Amino acid sequence: PAAGSQSEDFPWSFRGRVRFRPALVGAPKDPVGDGIGVLSLLGVTVGGSVCLQYDESPVGPYLEVVQMTAAILSERLGTAALWGSRLMVSSDEADGANGDIWGVPSERRDIEFENDGSPGVRTDTEGRIRVGGWDCMRFADKDAEPWGELPVWWTPTLKALWLPFSAWRSES
């Protein structure tokens with residue numbers, strides 16, 4: 001398995017924290033991918049930002065901000081997901097792995113998660129990404145042991161995050 005992996009079945013293991021800040025956004029007019037439909041009502045869909053702080057990953061610790069652009073539905077899987085149109089990472093290693101291993105375009109950016117301030121993602125006058133209110137997103141002490149795991153499927157070529165269940169599909 002890759003560095004940090006717990007299993008041969010899942011060689012790419014990432015551990016850290018995530019924050020999703022949903023927003024209603026205009027639905028994209030262009031197709032997202034083959035067999036993928038945008039879920040929208042009157043031209044509006046769910047998007048927002050996903051901010052990730054990886055303590056462990058196959059390329060070491062790094063920060064990531066994803067601009068989520070639409071709620072989508074896979075015709076093949078019958079599963080809903082969020083589609084990200086822009087992926088930004090804080091390390092050269094993560095940027096390289098996105099392109100070389102997963103075939104996903106990403107941007108190497110200066111990203112800082114600020115403990116204080118109001119929650120939100122901003123770009124400062126020098127183009128650096130600032131994620132405010134990171135400390136208020138914790139619901140455990142900083143030194144607390146992690147508990148539980150959230151299984152999320154990642155389709156790199158589509159930049160989509162999927163929950164691994166479907167109300168109308170049998171997993172057996």
# chains A, B, ... in the order shown; residues from 1 in each chain; ligands from 1
>>> select_by_dssp(residues="region 73-145 of chain A", states="helix (DSSP H, G or I)", output="PyMOL selection string")
chain A and resi 92-100+135-137
>>> write_last_selection(atoms="N, CA, C and O atoms", output="PDB file, in the first residue's frame")
ATOM      1  N   ASP A  92       3.498  21.500  -4.094  1.00  0.00           N
ATOM      2  CA  ASP A  92       3.906  21.049  -5.426  1.00  0.00           C
ATOM      3  C   ASP A  92       3.667  19.550  -5.594  1.00  0.00           C
ATOM      4  O   ASP A  92       3.286  19.094  -6.669  1.00  0.00           O
ATOM      5  N   GLU A  93       3.890  18.775  -4.515  1.00  0.00           N
ATOM      6  CA  GLU A  93       3.702  17.319  -4.577  1.00  0.00           C
ATOM      7  C   GLU A  93       2.240  16.967  -4.868  1.00  0.00           C
ATOM      8  O   GLU A  93       1.956  16.098  -5.691  1.00  0.00           O
ATOM      9  N   ALA A  94       1.315  17.641  -4.183  1.00  0.00           N
ATOM     10  CA  ALA A  94      -0.113  17.379  -4.412  1.00  0.00           C
ATOM     11  C   ALA A  94      -0.515  17.808  -5.817  1.00  0.00           C
ATOM     12  O   ALA A  94      -1.265  17.101  -6.501  1.00  0.00           O
ATOM     13  N   ASP A  95      -0.013  18.943  -6.272  1.00  0.00           N
ATOM     14  CA  ASP A  95      -0.322  19.416  -7.619  1.00  0.00           C
ATOM     15  C   ASP A  95       0.193  18.423  -8.661  1.00  0.00           C
ATOM     16  O   ASP A  95      -0.520  18.077  -9.606  1.00  0.00           O
ATOM     17  N   GLY A  96       1.396  17.931  -8.470  1.00  0.00           N
ATOM     18  CA  GLY A  96       1.969  16.951  -9.396  1.00  0.00           C
ATOM     19  C   GLY A  96       1.190  15.643  -9.411  1.00  0.00           C
ATOM     20  O   GLY A  96       0.925  15.070 -10.476  1.00  0.00           O
ATOM     21  N   ALA A  97       0.808  15.158  -8.229  1.00  0.00           N
ATOM     22  CA  ALA A  97       0.050  13.897  -8.144  1.00  0.00           C
ATOM     23  C   ALA A  97      -1.315  14.038  -8.804  1.00  0.00           C
ATOM     24  O   ALA A  97      -1.787  13.097  -9.456  1.00  0.00           O
ATOM     25  N   ASN A  98      -1.952  15.186  -8.658  1.00  0.00           N
ATOM     26  CA  ASN A  98      -3.253  15.385  -9.294  1.00  0.00           C
ATOM     27  C   ASN A  98      -3.158  15.171 -10.795  1.00  0.00           C
ATOM     28  O   ASN A  98      -4.000  14.496 -11.388  1.00  0.00           O
ATOM     29  N   GLY A  99      -2.146  15.727 -11.421  1.00  0.00           N
ATOM     30  CA  GLY A  99      -1.994  15.577 -12.870  1.00  0.00           C
ATOM     31  C   GLY A  99      -1.405  14.243 -13.275  1.00  0.00           C
ATOM     32  O   GLY A  99      -1.932  13.557 -14.153  1.00  0.00           O
ATOM     33  N   ASP A 100      -0.318  13.822 -12.611  1.00  0.00           N
ATOM     34  CA  ASP A 100       0.416  12.623 -13.019  1.00  0.00           C
ATOM     35  C   ASP A 100      -0.294  11.320 -12.676  1.00  0.00           C
ATOM     36  O   ASP A 100      -0.259  10.370 -13.445  1.00  0.00           O
ATOM     37  N   ASP A 135     -11.058  27.449  12.919  1.00  0.00           N
ATOM     38  CA  ASP A 135     -11.095  26.921  14.285  1.00  0.00           C
ATOM     39  C   ASP A 135     -12.520  26.651  14.759  1.00  0.00           C
ATOM     40  O   ASP A 135     -12.765  25.697  15.491  1.00  0.00           O
ATOM     41  N   CYS A 136     -13.489  27.473  14.345  1.00  0.00           N
ATOM     42  CA  CYS A 136     -14.869  27.262  14.793  1.00  0.00           C
ATOM     43  C   CYS A 136     -15.513  26.059  14.102  1.00  0.00           C
ATOM     44  O   CYS A 136     -16.619  25.660  14.455  1.00  0.00           O
ATOM     45  N   MET A 137     -14.828  25.479  13.137  1.00  0.00           N
ATOM     46  CA  MET A 137     -15.370  24.299  12.441  1.00  0.00           C
ATOM     47  C   MET A 137     -15.090  23.012  13.208  1.00  0.00           C
ATOM     48  O   MET A 137     -15.613  21.970  12.889  1.00  0.00           O
TER      49      MET A 137
END
>>> residues_around(residues="Gln53 (chain A)", least_positions_apart="2", cutoff="8 Å", atoms="only C-alpha atoms", output="PyMOL selection string")
chain A and resi 16-18+51+55+61-64
>>> closest_residue(among="A:Glu75, A:Gly47, A:Val104, A:Leu52", to="Trp134 (chain A)", atoms="only C-alpha atoms")
A:Leu52
>>> select_by_dssp(residues="region 47-118 of chain A", states="strand (DSSP E or B)", output="number ranges by chain")
A: 47-56, 62-74, 80-89, 107-108, 111-113
>>> residues_around(residues="Arg128 (chain A)", least_positions_apart="2", cutoff="9 Å", atoms="only C-alpha atoms", output="list in words")
Arg109, Asp110, Ile111, Glu112, Arg122, Thr123, Asp124, Thr125, Glu126 and Arg130 of chain A
>>> residues_around(residues="Leu42 (chain A)", least_positions_apart="5", cutoff="12 Å", atoms="only C-alpha atoms", output="PDB file with C-alpha atoms, in the first residue's frame")
ATOM      1  CA  LEU A  24     -27.016  27.986  -4.232  1.00  0.00           C
ATOM      2  CA  VAL A  25     -25.331  28.704  -7.562  1.00  0.00           C
ATOM      3  CA  GLY A  26     -26.291  29.007 -11.199  1.00  0.00           C
ATOM      4  CA  ALA A  27     -26.328  25.605 -12.916  1.00  0.00           C
ATOM      5  CA  PRO A  28     -23.638  25.071 -15.574  1.00  0.00           C
TER       6      PRO A  28
END
>>> closest_residue(among="A:Glu107, A:Glu56, A:Asp34, A:Glu114", to="Ser90 (chain A)", atoms="only C-alpha atoms")
A:Glu107
>>> residues_around(residues="Gly120 (chain A)", least_positions_apart="4", cutoff="8 Å", atoms="only C-alpha atoms", output="VMD selection string")
chain A and resid 21 131 to 133
>>> atom_distance(atom1="CA of Ser85 (chain A)", atom2="CA of Pro119 (chain A)")
21.1 Å
>>> atom_distance(atom1="CA of Ser118 (chain A)", atom2="CA of Ala81 (chain A)")
26.9 Å
>>> closest_residue(among="A:Val65, A:Leu87, A:Leu73, A:Ala80", to="Ile129 (chain A)", atoms="only C-alpha atoms")
A:Val65
